[in-house]
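Structure record follows, encoded as structure tokens.
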Amino acid sequence: MTDSAEAPSVRLRPEILATAPYRQGRPAPAESFKLSSNENPFDPLPEIVDAIAAAAVNRYPDAAATALSERLATRFGVERGNVHVGSGSVSILAQLIQAAAGPGDEALYSWRSFEAYPGLVTVAGASSVAVPNLPDQRHDLPAMAAAVTDRTRVAIVCTPNNPTGTIVTAEEFAAFMAAVPSDLLVLLDEAYVEFVTDPAAVDGRDLIGRYPNLVVLRTFSKAFGLAGLRVGYAVGPERILDAARATAIPLSVTEPAQRAAIAALDHEEALLQRVAVITRRRDEVLGAVLAQGLAVPRSQANFLWLATGADTSEANDILLAHGIVARALLPDGIRVSIGEAESVAGLLAATEELAERFPSLRAS
Ligand SMILES: *Cc1c(COP(=O)(O)O)cnc(C)c1O
């Protein structure tokens with residue numbers, strides 16, 4: 001069937017027609033490294049592969065993810081109703097944004113931040129209010145608090161921030177929570193929390209039970225290496241999570257995903273050793289890139305941010321020529337994941353070339 005110019009088109013929501021479909025980080029050609037999606041470069045532990053293989057896939061999964069929710073509740077010292085499991089934390093973001101904000105309402109976040117936020121807000125029918133990051137790429141939380149209006153229904157704080165790697169400190173976050181109305185839903189998106197080594201960083205775990213309007217979001221995709229299975233979770237007040245459960249598509253967290261997440265918690269220590277390998281590699285790469293003279297934020301996540309601005313496409317071609325497939329986020333810059341040890345030499349050769357070619361990228 002071909003589209004005909006004369007055929008009457010179905011009527012779709014104009015804001016959806018104006019929204020681009022999700023675009024994935026491109027697949028890496030042979031001899032290249034895929035450093036475009038902040039994935040974990042390690043193969044899954046054999047125990048996790050076994051747990052996946054043991055799941056019955058002819059049956060529907062446990063809709064409430066009971067066993068996994070109980071595990072997480074024990075871990076965070078809360079009741080099971082204070083935990084909600086979703087098919088990736090991005091789906092919980094979608095559920096909570098939909099639950100809180102509709103047409104005429106505003107959703108507030110920092111920018112640049114996670115690429116998914118604007119689209120999720122649009123799909124909910126609400127409007128985005130994006131507060132620019134500070135010049136050092138950190139969230140400007142006082143400006144975010146000042147941007148709250150009586151139409152604001154949800155505020156998202158991403159720390160470490162994707163794609164800049166910067167953190168919000170515990171002190172800054174406490175000041176933000178004190179400044180915003182206590183009936184404003186605040187989502188603390190901690191997709192990369194396991195990679196944080198800075199003791200000043202906020203840690204949602206310390207805040208659980210402290211605020212009636214705060215939900216903490218985490219995922220098994222990044223540090224725990226289960227991106228392909230789609231499983232994440234939220235911890236927060238039961239009434240808010242019930243609203244997420246009400247907007248969720250039932251049965252979307254599969255049994256293999258639930259079992260793999262439990263196996264990951266069973267083998268957390270081994271997985272956190274791998275996380276430590278990545279954070280050390282991050283700090284080494286960061287040190288080397290700073291020594292090359294590039295101005296790069298001190299990332300606390302498993303990626304680095306190159307603020308290439310107008311030179312982004314050209315800079316991305318240089319990375320590709322060195323076998324590095326990164327994520328170009330036009331018009332602001334490039335996010336490069338910390339991946340396999342073998343990827344580091346090519347990455348540093350590329351950043352060396354970037355430092356020579358683009359004086360604007362160099363620290364002044
Ligand atoms: C990767 C990511 C997520 C969630 O990923 P899922 O795979 O859906 O769990 C959430 N927030 C940010 C900022 C991310 O980068």
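We name chains A, B, ... following the order of the structure tokens; residues begin at 1 in each chain, and ligands are numbered from 1 as shown.
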**Message:** Give me the residues near Asn161 in chain A as a ChimeraX atom specification, where near means some atom within 12 Å (using only C-alpha atoms) and where sequence neighbours in that chain fewer than 4 positions away do not count.
**Reply:** /A:109-115,133,137-140,156-157,165-169,188-193,195-196,201,297-305,335
Q.
Taking only C-alpha atoms and all ligand atoms into account, which residues have an atom no farther than 6 Å from ligand 1? I'd like them as a ChimeraX atom specification.
A. /A:88-90,114,162,189,191,219,221,227,230-232
Atoms kept (C-alpha atoms) for selection, written as a CSV table (one decimal), in the first residue's frame:
```
chain,number,residue,atom,x,y,z
A,88,GLY,CA,12.5,0.2,32.5
A,89,SER,CA,12.5,3.4,34.7
A,90,VAL,CA,11.6,5.3,31.5
A,114,PHE,CA,17.6,13.0,29.5
A,162,ASN,CA,22.3,12.4,31.5
A,189,ASP,CA,16.0,10.2,38.4
A,191,ALA,CA,19.6,6.0,36.7
A,219,THR,CA,17.0,1.0,37.0
A,221,SER,CA,19.6,-1.2,32.8
A,227,ALA,CA,19.2,-2.9,29.6
A,230,ARG,CA,13.7,-3.6,30.5
A,231,VAL,CA,13.3,-3.4,34.3
A,232,GLY,CA,13.5,-0.4,36.6
```
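Between Ile52 in chain A and the candidates A:Ile262, A:Leu120, A:Ala99, A:Leu271, the tightest atom-to-atom separation, counting only C-alpha atoms, involves A:Ile262.
For range 56-59 of chain A, the residues within 12 Å (counting only C-alpha atoms, excluding itself and residues fewer than 3 positions away along the chain) are Ala51, Ile52, Ala53, Asp62, Ala63, Leu251, Thr254, Glu255, Pro256, Ala257, Gln258 and Arg259 of chain A.
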Secondary structure check, helix (DSSP H, G or I) residues of range 162-307 of chain A, as number ranges by chain: A: 170-179, 193-195, 204-207, 238-247, 255-266, 268-291
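Considering the residues A:Pro44, A:Glu15, A:Ala55, A:Gly333 and counting only C-alpha atoms, Pro103 in chain A has its shortest atom-to-atom contact with A:Glu15.
Counting only C-alpha atoms, the residue from A:Leu184, A:Val235, A:Ile249, A:Ala179 that sits nearest to Ile208 in chain A is A:Val235.
Nearest to Val344 in chain A of all the residues A:Val78, A:Val123, A:Val285, A:Val296 is A:Val285, based on only C-alpha atoms.
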| Which neighbours of Leu72 in chain A fall inside 12 Å, counting only C-alpha atoms, when residues of the same chain fewer than 3 positions from it are skipped, and could you give them as a ChimeraX atom specification? | /A:65-69,75-85,205,218-220,232-236,258,261-262,264-266
Selection file, N, CA, C and O atoms, as a short mmCIF file (atom, residue, chain, number, x, y, z; two decimals), in the first residue's frame:
```cif
data_model
loop_
_atom_site.label_atom_id
_atom_site.label_comp_id
_atom_site.auth_asym_id
_atom_site.auth_seq_id
_atom_site.Cartn_x
_atom_site.Cartn_y
_atom_site.Cartn_z
N ALA A 65 4.89 -8.00 40.09
CA ALA A 65 6.32 -8.26 40.31
C ALA A 65 6.58 -8.45 41.81
O ALA A 65 7.46 -7.81 42.41
N THR A 66 5.78 -9.33 42.42
CA THR A 66 5.75 -9.44 43.88
C THR A 66 7.12 -9.75 44.48
O THR A 66 7.56 -9.06 45.41
N ALA A 67 7.77 -10.79 43.98
CA ALA A 67 9.03 -11.21 44.60
C ALA A 67 10.08 -10.10 44.49
O ALA A 67 10.79 -9.80 45.46
N LEU A 68 10.17 -9.49 43.33
CA LEU A 68 11.15 -8.42 43.14
C LEU A 68 10.80 -7.19 44.00
O LEU A 68 11.67 -6.59 44.63
N SER A 69 9.51 -6.84 44.05
CA SER A 69 9.11 -5.69 44.86
C SER A 69 9.42 -5.93 46.33
O SER A 69 9.86 -5.01 47.04
N ARG A 75 15.26 -4.07 50.98
CA ARG A 75 16.50 -3.36 50.77
C ARG A 75 16.41 -1.89 51.16
O ARG A 75 17.35 -1.32 51.70
N PHE A 76 15.26 -1.28 50.87
CA PHE A 76 15.11 0.16 51.18
C PHE A 76 14.39 0.39 52.51
O PHE A 76 14.16 1.55 52.88
N GLY A 77 14.04 -0.68 53.22
CA GLY A 77 13.39 -0.52 54.52
C GLY A 77 12.01 0.11 54.43
O GLY A 77 11.64 0.95 55.25
N VAL A 78 11.24 -0.28 53.39
CA VAL A 78 9.89 0.26 53.20
C VAL A 78 8.90 -0.88 53.02
O VAL A 78 9.29 -2.05 52.96
N GLU A 79 7.62 -0.55 52.91
CA GLU A 79 6.58 -1.54 52.64
C GLU A 79 6.56 -1.83 51.13
O GLU A 79 7.00 -1.01 50.33
N ARG A 80 5.96 -2.96 50.78
CA ARG A 80 5.91 -3.32 49.37
C ARG A 80 5.17 -2.28 48.54
O ARG A 80 5.51 -2.02 47.39
N GLY A 81 4.15 -1.63 49.13
CA GLY A 81 3.40 -0.61 48.40
C GLY A 81 4.22 0.63 48.08
O GLY A 81 3.81 1.46 47.25
N ASN A 82 5.36 0.77 48.74
CA ASN A 82 6.24 1.91 48.48
C ASN A 82 7.21 1.64 47.33
O ASN A 82 8.12 2.46 47.07
N VAL A 83 7.06 0.47 46.70
CA VAL A 83 7.93 0.11 45.57
C VAL A 83 7.04 -0.15 44.36
O VAL A 83 5.97 -0.74 44.48
N HIS A 84 7.48 0.32 43.21
CA HIS A 84 6.76 0.04 41.97
C HIS A 84 7.79 -0.34 40.91
O HIS A 84 8.76 0.38 40.69
N VAL A 85 7.57 -1.50 40.28
CA VAL A 85 8.49 -1.99 39.26
C VAL A 85 7.89 -1.71 37.88
O VAL A 85 6.68 -1.88 37.68
N ARG A 205 18.31 7.16 48.43
CA ARG A 205 18.09 6.18 49.48
C ARG A 205 17.99 6.84 50.87
O ARG A 205 17.24 6.39 51.72
N ARG A 218 15.05 4.33 39.91
CA ARG A 218 16.32 3.65 39.61
C ARG A 218 16.08 2.56 38.56
O ARG A 218 14.93 2.23 38.26
N THR A 219 17.17 2.00 38.05
CA THR A 219 17.02 1.03 36.96
C THR A 219 18.06 -0.08 37.06
O THR A 219 19.15 0.12 37.62
N PHE A 220 17.70 -1.21 36.50
CA PHE A 220 18.67 -2.31 36.36
C PHE A 220 19.42 -2.24 35.02
O PHE A 220 20.22 -3.11 34.71
N GLY A 232 13.06 -1.50 35.73
CA GLY A 232 13.46 -0.41 36.61
C GLY A 232 12.45 -0.31 37.74
O GLY A 232 11.45 -1.05 37.76
N TYR A 233 12.69 0.60 38.69
CA TYR A 233 11.77 0.68 39.82
C TYR A 233 11.72 2.08 40.41
O TYR A 233 12.61 2.90 40.18
N ALA A 234 10.63 2.30 41.16
CA ALA A 234 10.46 3.56 41.87
C ALA A 234 10.24 3.24 43.34
O ALA A 234 9.64 2.22 43.68
N VAL A 235 10.73 4.12 44.21
CA VAL A 235 10.47 4.02 45.64
C VAL A 235 9.89 5.36 46.08
O VAL A 235 10.45 6.42 45.75
N GLY A 236 8.76 5.29 46.80
CA GLY A 236 8.13 6.55 47.21
C GLY A 236 6.82 6.29 47.93
O GLY A 236 6.48 5.15 48.24
N GLN A 258 11.95 -9.95 35.60
CA GLN A 258 11.81 -9.99 37.06
C GLN A 258 12.82 -10.95 37.67
O GLN A 258 13.46 -10.65 38.68
N ALA A 261 16.39 -9.58 37.48
CA ALA A 261 16.62 -8.50 38.44
C ALA A 261 16.88 -9.08 39.83
O ALA A 261 17.76 -8.61 40.56
N ILE A 262 16.12 -10.11 40.21
CA ILE A 262 16.35 -10.76 41.51
C ILE A 262 17.74 -11.40 41.53
O ILE A 262 18.49 -11.26 42.51
N ALA A 264 20.26 -10.45 39.86
CA ALA A 264 21.24 -9.36 39.94
C ALA A 264 21.41 -8.91 41.39
O ALA A 264 22.53 -8.65 41.84
N LEU A 265 20.30 -8.83 42.12
CA LEU A 265 20.41 -8.44 43.54
C LEU A 265 21.13 -9.53 44.34
O LEU A 265 21.90 -9.24 45.25
N ASP A 266 20.88 -10.80 43.97
CA ASP A 266 21.59 -11.90 44.63
C ASP A 266 23.10 -11.80 44.42
O ASP A 266 23.87 -12.26 45.24
#
```
*Find the residues near Pro118 in chain A: any atom within 10 Å, counting only C-alpha atoms, skip ones fewer than 6 places away on the same chain, and give them as a ChimeraX atom specification.*
/A:19,107-109,111,126-130
Can those selected residues be exported to a file as a PDB file, in the first residue's frame so that it contains N, CA and C atoms?
```
ATOM      1  N   THR A  19       6.238  15.558  16.885  1.00  0.00           N
ATOM      2  CA  THR A  19       7.257  14.911  17.724  1.00  0.00           C
ATOM      3  C   THR A  19       7.975  13.840  16.911  1.00  0.00           C
ATOM      4  N   ALA A 107       5.347  20.489  33.131  1.00  0.00           N
ATOM      5  CA  ALA A 107       6.356  19.587  33.697  1.00  0.00           C
ATOM      6  C   ALA A 107       7.697  20.301  33.593  1.00  0.00           C
ATOM      7  N   LEU A 108       8.428  20.288  34.679  1.00  0.00           N
ATOM      8  CA  LEU A 108       9.635  21.102  34.795  1.00  0.00           C
ATOM      9  C   LEU A 108      10.860  20.198  34.865  1.00  0.00           C
ATOM     10  N   TYR A 109      11.882  20.528  34.069  1.00  0.00           N
ATOM     11  CA  TYR A 109      13.145  19.791  34.174  1.00  0.00           C
ATOM     12  C   TYR A 109      14.274  20.681  33.706  1.00  0.00           C
ATOM     13  N   TRP A 111      17.681  21.452  31.403  1.00  0.00           N
ATOM     14  CA  TRP A 111      18.049  21.120  30.020  1.00  0.00           C
ATOM     15  C   TRP A 111      19.420  21.689  29.722  1.00  0.00           C
ATOM     16  N   ALA A 126       0.862  17.561  28.309  1.00  0.00           N
ATOM     17  CA  ALA A 126       1.285  18.698  29.130  1.00  0.00           C
ATOM     18  C   ALA A 126       2.366  19.500  28.405  1.00  0.00           C
ATOM     19  N   SER A 127       2.784  20.605  29.012  1.00  0.00           N
ATOM     20  CA  SER A 127       3.832  21.449  28.415  1.00  0.00           C
ATOM     21  C   SER A 127       5.115  21.325  29.206  1.00  0.00           C
ATOM     22  N   SER A 128       6.233  21.349  28.474  1.00  0.00           N
ATOM     23  CA  SER A 128       7.545  21.299  29.113  1.00  0.00           C
ATOM     24  C   SER A 128       8.010  22.695  29.490  1.00  0.00           C
ATOM     25  N   VAL A 129       8.600  22.804  30.671  1.00  0.00           N
ATOM     26  CA  VAL A 129       9.327  24.014  31.046  1.00  0.00           C
ATOM     27  C   VAL A 129      10.756  23.549  31.312  1.00  0.00           C
ATOM     28  N   ALA A 130      11.663  23.926  30.407  1.00  0.00           N
ATOM     29  CA  ALA A 130      13.046  23.444  30.480  1.00  0.00           C
ATOM     30  C   ALA A 130      13.939  24.579  30.959  1.00  0.00           C
TER      31      ALA A 130
END
```
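The space between CA of Ala170 in chain A and CA of Asp198 in chain A spans 10.8 Å.
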Next item on the list: Would you please extract all strand (DSSP E or B) residues from range 102-276 of chain A, as assigned by DSSP on the backbone, and give them as a PyMOL selection string?
Entry: chain A and resi 106-111+127-132+152-158+169+185-189+201+214-219+232-235
Restricting to only C-alpha atoms, whichever of A:Glu353, A:Asp50, A:Asp183, A:Asp332 is closest to Asp317 in chain A is A:Glu353
